[in-house]
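So the structure is just underneath, and the comments pick up after that.
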Amino acid sequence: MPNRVLTGTRARNRRLDLGLRQAHVAKVVGISGSYLNLIEHNRRRIAGKLLTDLAQVLQIDAALLSDNTTDAILLPIKEAAAAFPEATVEDARAEELVSRFPGWAALVAAQRRRIAQLEERTEALSNRLAHDSQIANSLHEVISTATAIRSTASILAETPDLDREWQARFHTNIDTDSARLAQSSQALLGFLDMEMEAGDTQTVSAMEQVEARLAESAFYFSGIDAGEEIRFDDVGDPVARVILQDWASLARKDAERLPLGAFSQAAHTLAHDPARLAARFGVPLDMIFRRLAHMPTDRDHPLMGLAVCDAAGVVTFQKPVLDFRLPRSGAACPLWPLFQALTQPGRAIRRVVRLPGAAHTPFECFAVATPVGGVSFSNEPRVTATMLVRPAKNEDVPDVVGPGCRVCTVKECASRRHPSLV
Amino acid sequence: MGQRVLLIEDEPNIIEAISYILSKDGWTVHTHSDGETAMDKVMQSVPDLIILDVMLPGRSGYDILRDLKAQETTANVPVMMLTARGQAKDREMAIGLGATRFMTKPFSNADVLESVRALATP
């Protein structure tokens, strides 16, 4: 049993380092020299008062002398060594390090744990950046503009016989692109700042965990359509778990009212028109929005996203689609139909929108705000808005909605809350 | 008339620059900038080579590539993918779907020309 081996060895090494005689130590802690000898040779276990007394004589923290140190200190030290295989360490003497220099060993172990925490955090931030569509769009814009400038500049530099008309044209292109590059670089910085601010307060929010978990199943669980109860007991974050359970419960109710087979067929027949589907099944529009956004991927339905917010405009659920994703941090643009629906509950809104700048896809948005639960004279109604989002047909002329004021390029916007950084 | 290349890309100034260098090299260049209607454009007149951007309005270049490889008339047309993302997984995805070559932005004109010439060689 390695733990037992360590404790005795640690005590012996420590005593020898301090230059103390075995008989002296034994006398101070009230045991015989021969018993201490057995302990030091790992033939007797020690704990409780004897461990505390021995640690005191040896001027060491009892925790560092105890068997538990193996897990608490030795393992991180071995992990630290494994993380740097190029470093030449005395692998076989790790236990000796712990026993002879417990303070230093504890420091190495603590640093290893700190490094592991920082690595986890870096990975989480990296994931945030990699999966944020606004940052991806912004980065794409920067790189595409740089590509255009590079290609155009090369033509100008490498084609001495370029005629005047082409020269003028390419010069204009470079001028336009360099202005765009400056603008898109600032936008990118703005997005990164927003993400970093969000990362300072919480590495991965409950909403992100919910999104990530549902995305693993493409926001669809066949069990729900089979009438099964879906559990998320394995989700560690209690807030994320509650959101997921609420989502599953609502999805099950939706599935009961809108059975998969009949709804799927009707959706195709009625060209996925939410209003006609609501009339066909006699259900509220928001239920149709949710059902359309949570269809299995093998039934040839168009890609659809969903966003839900409460009366304060806080986004409580979203299923991203293509470039569409409301900001995780900071307030979203109030021009999204989702928020406009809140101003007039019960009014169905359809609008085609697109994001400014780098994002290309126009989106057809359907939104409605409805009271949730019962309505009474004594309580304020709880209102939520739901918005279905899907790529729009090209013939629609989209309105521009921003990702958020800080990084929005739209000028003369009556809804602007902050000056743009770009 | 030289061999026909179809450039599917939505950045107008990249379109202009690539069109210029390829035309100067003897290629007949057609362009298209919308993802959703890209397949219609291809099917109107199947080119000898396709240069296909990944991020396009309406439809991803990967989806278009998938369709190109699924159609008998276009399955053997060499496709060079252009992307701003140069991660290994992006490259693997493009090659896995049947792309002949994968080029990361920003690229040099010389790289584009060299790749196009290599793909055109029977």
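Labeling convention for the structure tokens: chains A, B, ... as they appear, residues from 1 per chain, ligands from 1 in order of appearance.
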Using only C-alpha atoms, which chain B residues lie at most 12 Å away from chain A, written as a ChimeraX atom specification? /B:9-22,24,33-37,53-60,82-87,103-113
Considering only alpha helix (DSSP H) as DSSP defines it on the backbone, what residues of segment 95-299 of chain A qualify? List them as a short mmCIF file (atom, residue, chain, number, x, y, z; two decimals) with C-alpha atoms, in the first residue's frame.
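Now in out-v8.cif:
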```cif
data_model
loop_
_atom_site.label_atom_id
_atom_site.label_comp_id
_atom_site.auth_asym_id
_atom_site.auth_seq_id
_atom_site.Cartn_x
_atom_site.Cartn_y
_atom_site.Cartn_z
CA GLU A 95 8.04 10.58 -2.93
CA GLU A 96 11.33 11.64 -1.44
CA LEU A 97 10.71 15.18 -2.63
CA VAL A 98 7.37 15.19 -0.85
CA SER A 99 8.82 13.79 2.33
CA ARG A 100 11.97 15.88 2.50
CA PRO A 102 6.98 19.13 1.82
CA GLY A 103 6.64 22.88 1.50
CA TRP A 104 8.27 23.03 -1.91
CA ALA A 105 6.39 19.91 -2.98
CA ALA A 106 3.11 21.50 -1.94
CA LEU A 107 4.03 24.60 -3.95
CA VAL A 108 4.78 22.55 -7.09
CA ALA A 109 1.46 20.71 -6.63
CA ALA A 110 -0.45 23.97 -6.13
CA GLN A 111 1.14 25.45 -9.23
CA ARG A 112 0.22 22.35 -11.22
CA ARG A 113 -3.40 22.69 -10.11
CA ARG A 114 -3.36 26.39 -10.98
CA ILE A 115 -1.93 25.67 -14.42
CA ALA A 116 -4.62 23.02 -14.99
CA GLN A 117 -7.34 25.52 -14.01
CA LEU A 118 -5.89 28.16 -16.31
CA GLU A 119 -5.64 25.65 -19.15
CA GLU A 120 -9.30 24.74 -18.68
CA ARG A 121 -10.27 28.38 -18.68
CA THR A 122 -8.20 29.12 -21.76
CA GLU A 123 -9.83 26.22 -23.56
CA ALA A 124 -13.28 27.42 -22.54
CA LEU A 125 -12.51 30.94 -23.78
CA SER A 126 -11.06 29.53 -26.95
CA ASN A 127 -14.26 27.52 -27.49
CA ARG A 128 -16.32 30.64 -26.94
CA LEU A 129 -14.33 32.48 -29.58
CA ALA A 130 -14.35 29.58 -32.01
CA HIS A 131 -18.11 29.10 -31.80
CA SER A 133 -20.68 33.39 -35.16
CA GLN A 134 -20.32 37.17 -34.81
CA ILE A 135 -16.60 36.88 -34.16
CA ALA A 136 -16.30 34.32 -36.96
CA ASN A 137 -18.06 36.71 -39.34
CA SER A 138 -15.93 39.61 -38.28
CA LEU A 139 -12.73 37.60 -38.65
CA HIS A 140 -13.89 36.37 -42.03
CA GLU A 141 -14.44 39.96 -43.13
CA VAL A 142 -10.94 40.97 -42.01
CA ILE A 143 -9.29 38.04 -43.77
CA SER A 144 -11.33 38.41 -46.94
CA THR A 145 -10.55 42.11 -47.16
CA ALA A 146 -6.85 41.44 -46.56
CA THR A 147 -6.99 38.83 -49.35
CA ALA A 148 -8.54 41.29 -51.77
CA ILE A 149 -5.92 43.93 -50.91
CA ARG A 150 -3.07 41.45 -51.25
CA SER A 151 -4.24 40.17 -54.63
CA THR A 152 -4.92 43.63 -55.97
CA ALA A 153 -1.63 45.06 -54.70
CA SER A 154 0.27 42.15 -56.25
CA ILE A 155 -1.32 42.82 -59.63
CA LEU A 156 -0.35 46.49 -59.41
CA ALA A 157 3.21 45.66 -58.34
CA GLU A 158 3.81 42.78 -60.72
CA ARG A 164 -4.46 53.00 -67.04
CA GLU A 165 -8.09 51.97 -66.73
CA TRP A 166 -7.26 48.80 -64.80
CA GLN A 167 -4.71 50.68 -62.71
CA ALA A 168 -7.32 53.23 -61.66
CA ARG A 169 -9.82 50.50 -60.95
CA PHE A 170 -7.44 48.50 -58.76
CA HIS A 171 -6.31 51.63 -56.91
CA THR A 172 -9.93 52.38 -56.10
CA ASN A 173 -10.44 48.81 -54.94
CA ILE A 174 -7.45 49.03 -52.60
CA ASP A 175 -8.70 52.33 -51.24
CA THR A 176 -12.16 50.91 -50.53
CA ASP A 177 -10.80 47.68 -49.10
CA SER A 178 -8.31 49.39 -46.81
CA ALA A 179 -11.16 51.48 -45.35
CA ARG A 180 -13.17 48.29 -44.92
CA LEU A 181 -10.23 46.56 -43.29
CA ALA A 182 -9.85 49.34 -40.75
CA GLN A 183 -13.55 49.16 -39.97
CA SER A 184 -13.76 45.39 -39.75
CA SER A 185 -10.62 45.23 -37.57
CA GLN A 186 -12.25 47.60 -35.11
CA ALA A 187 -15.42 45.51 -35.16
CA LEU A 188 -13.39 42.39 -34.43
CA LEU A 189 -11.70 44.09 -31.50
CA GLY A 190 -15.10 45.18 -30.21
CA PHE A 191 -16.41 41.61 -30.32
CA LEU A 192 -13.29 40.27 -28.64
CA ASP A 193 -13.59 42.88 -25.88
CA MET A 194 -17.20 41.87 -25.31
CA GLU A 195 -16.26 38.20 -25.11
CA MET A 196 -13.37 38.86 -22.76
CA GLU A 197 -15.60 40.91 -20.48
CA ALA A 198 -18.07 38.05 -20.43
CA GLY A 199 -15.22 35.61 -19.78
CA ASP A 200 -14.07 37.64 -16.78
CA THR A 201 -17.31 37.06 -14.98
CA ALA A 206 -25.64 28.21 -18.06
CA MET A 207 -27.20 29.27 -21.39
CA GLU A 208 -24.07 28.26 -23.26
CA GLN A 209 -24.09 24.88 -21.52
CA VAL A 210 -27.74 24.44 -22.49
CA GLU A 211 -27.01 25.37 -26.08
CA ALA A 212 -23.99 23.08 -26.24
CA ARG A 213 -25.93 20.18 -24.75
CA LEU A 214 -28.90 20.56 -27.10
CA ALA A 215 -26.61 21.11 -30.08
CA GLU A 216 -25.09 17.66 -29.44
CA SER A 222 -36.70 11.31 -30.56
CA GLY A 223 -37.68 10.18 -27.06
CA ILE A 224 -39.79 13.31 -26.64
CA ASP A 225 -41.86 12.36 -29.67
CA PRO A 238 -27.99 23.28 -11.55
CA VAL A 239 -29.18 26.34 -13.49
CA ALA A 240 -28.43 24.68 -16.84
CA ARG A 241 -30.14 21.52 -15.63
CA VAL A 242 -33.33 23.39 -14.72
CA ILE A 243 -33.38 25.19 -18.08
CA LEU A 244 -32.92 21.87 -19.90
CA GLN A 245 -35.65 20.13 -17.90
CA ASP A 246 -38.04 23.04 -18.56
CA TRP A 247 -37.16 22.87 -22.24
CA ALA A 248 -37.83 19.12 -22.36
CA SER A 249 -41.11 19.52 -20.51
CA LEU A 250 -42.33 22.20 -22.92
CA ALA A 251 -41.11 20.23 -25.95
CA ARG A 252 -43.09 17.22 -24.72
CA LYS A 253 -46.27 19.27 -24.37
CA ASP A 254 -45.70 20.68 -27.87
CA ALA A 255 -45.19 17.18 -29.25
CA GLU A 256 -48.43 15.97 -27.67
CA ARG A 257 -50.40 18.74 -29.38
CA LEU A 260 -44.47 14.43 -35.36
CA GLY A 261 -45.94 12.52 -38.33
CA ALA A 262 -48.99 14.72 -38.85
CA PHE A 263 -47.11 17.94 -38.17
CA SER A 264 -44.21 17.07 -40.43
CA GLN A 265 -46.56 16.25 -43.30
CA ALA A 266 -48.60 19.42 -42.75
CA ALA A 267 -45.45 21.54 -42.55
CA HIS A 268 -44.43 20.33 -46.02
CA THR A 269 -47.93 20.73 -47.41
CA PRO A 274 -46.48 29.21 -39.27
CA ALA A 275 -49.84 31.00 -39.50
CA ARG A 276 -51.47 28.30 -41.63
CA LEU A 277 -50.02 25.58 -39.43
CA ALA A 278 -51.39 27.30 -36.31
CA ALA A 279 -54.81 27.48 -37.97
CA ARG A 280 -54.64 23.86 -39.12
CA PHE A 281 -53.82 22.50 -35.66
CA LEU A 285 -48.21 30.57 -32.95
CA ASP A 286 -45.41 30.31 -30.42
CA MET A 287 -46.04 26.57 -30.16
CA ILE A 288 -45.72 26.27 -33.94
CA PHE A 289 -42.45 28.26 -33.83
CA ARG A 290 -40.99 25.93 -31.22
CA ARG A 291 -42.12 22.80 -33.04
CA LEU A 292 -40.71 23.95 -36.37
CA ALA A 293 -37.37 24.76 -34.75
#
```
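Of note, atom CA of Pro160 of chain A and atom CA of Gly2 of chain B are spaced 23.8 Å apart.
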Which residues, written as a PyMOL selection string, have at least one atom at most 10 Å from Arg66 of chain B, with only C-alpha atoms counted and residues fewer than 6 positions away on the same chain left out? chain B and resi 75+94+96-99
Which polymer residues have any atom within 9 Å of an atom of Leu36 of chain A, counting only C-alpha atoms, with same-chain residues fewer than 2 positions away left out, as JSON, numbers by chain? {"A": [8, 22, 23, 25, 26, 31, 32, 33, 34, 38, 39, 40, 41, 44]}
Atom CA of Ala385 of chain A to atom CA of Val401 of chain A: how many Å, to one decimal? 17.5 Å
Assign secondary structure with DSSP using the backbone only, and return the residues of chain B in strand (DSSP E) as a ChimeraX atom specification. /B:4-8,28-32,49-53,79-83,101-104
Tell me which of B:Ile95, B:Val79, B:Val116, B:Ala38 sits closest to Ile64 of chain B, counting only C-alpha atoms. B:Ala38
With only C-alpha atoms as the counted atoms, please give the residues lying no more than 9 Å from Gly346 of chain A, apart from itself and same-chain residues fewer than 3 positions off, as a PyMOL selection string. chain A and resi 341-342+368-371
Could you save the residues just selected, with C-alpha atoms, as a PDB file, in the first residue's frame?
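Result file selection_22.pdb:
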```pdb
ATOM      1  CA  ALA A 341     -43.157  41.699 -30.399  1.00  0.00           C
ATOM      2  CA  LEU A 342     -42.902  42.567 -26.715  1.00  0.00           C
ATOM      3  CA  VAL A 368     -45.064  36.876 -31.260  1.00  0.00           C
ATOM      4  CA  ALA A 369     -45.321  37.718 -27.567  1.00  0.00           C
ATOM      5  CA  THR A 370     -47.825  35.848 -25.459  1.00  0.00           C
ATOM      6  CA  PRO A 371     -48.771  35.579 -21.788  1.00  0.00           C
TER       7      PRO A 371
END
```
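Candidate residues B:Ala70, B:Glu92, B:Ile8, B:Ser45 were compared for distance to His32 of chain B, and the nearest is B:Ile8, using only C-alpha atoms.
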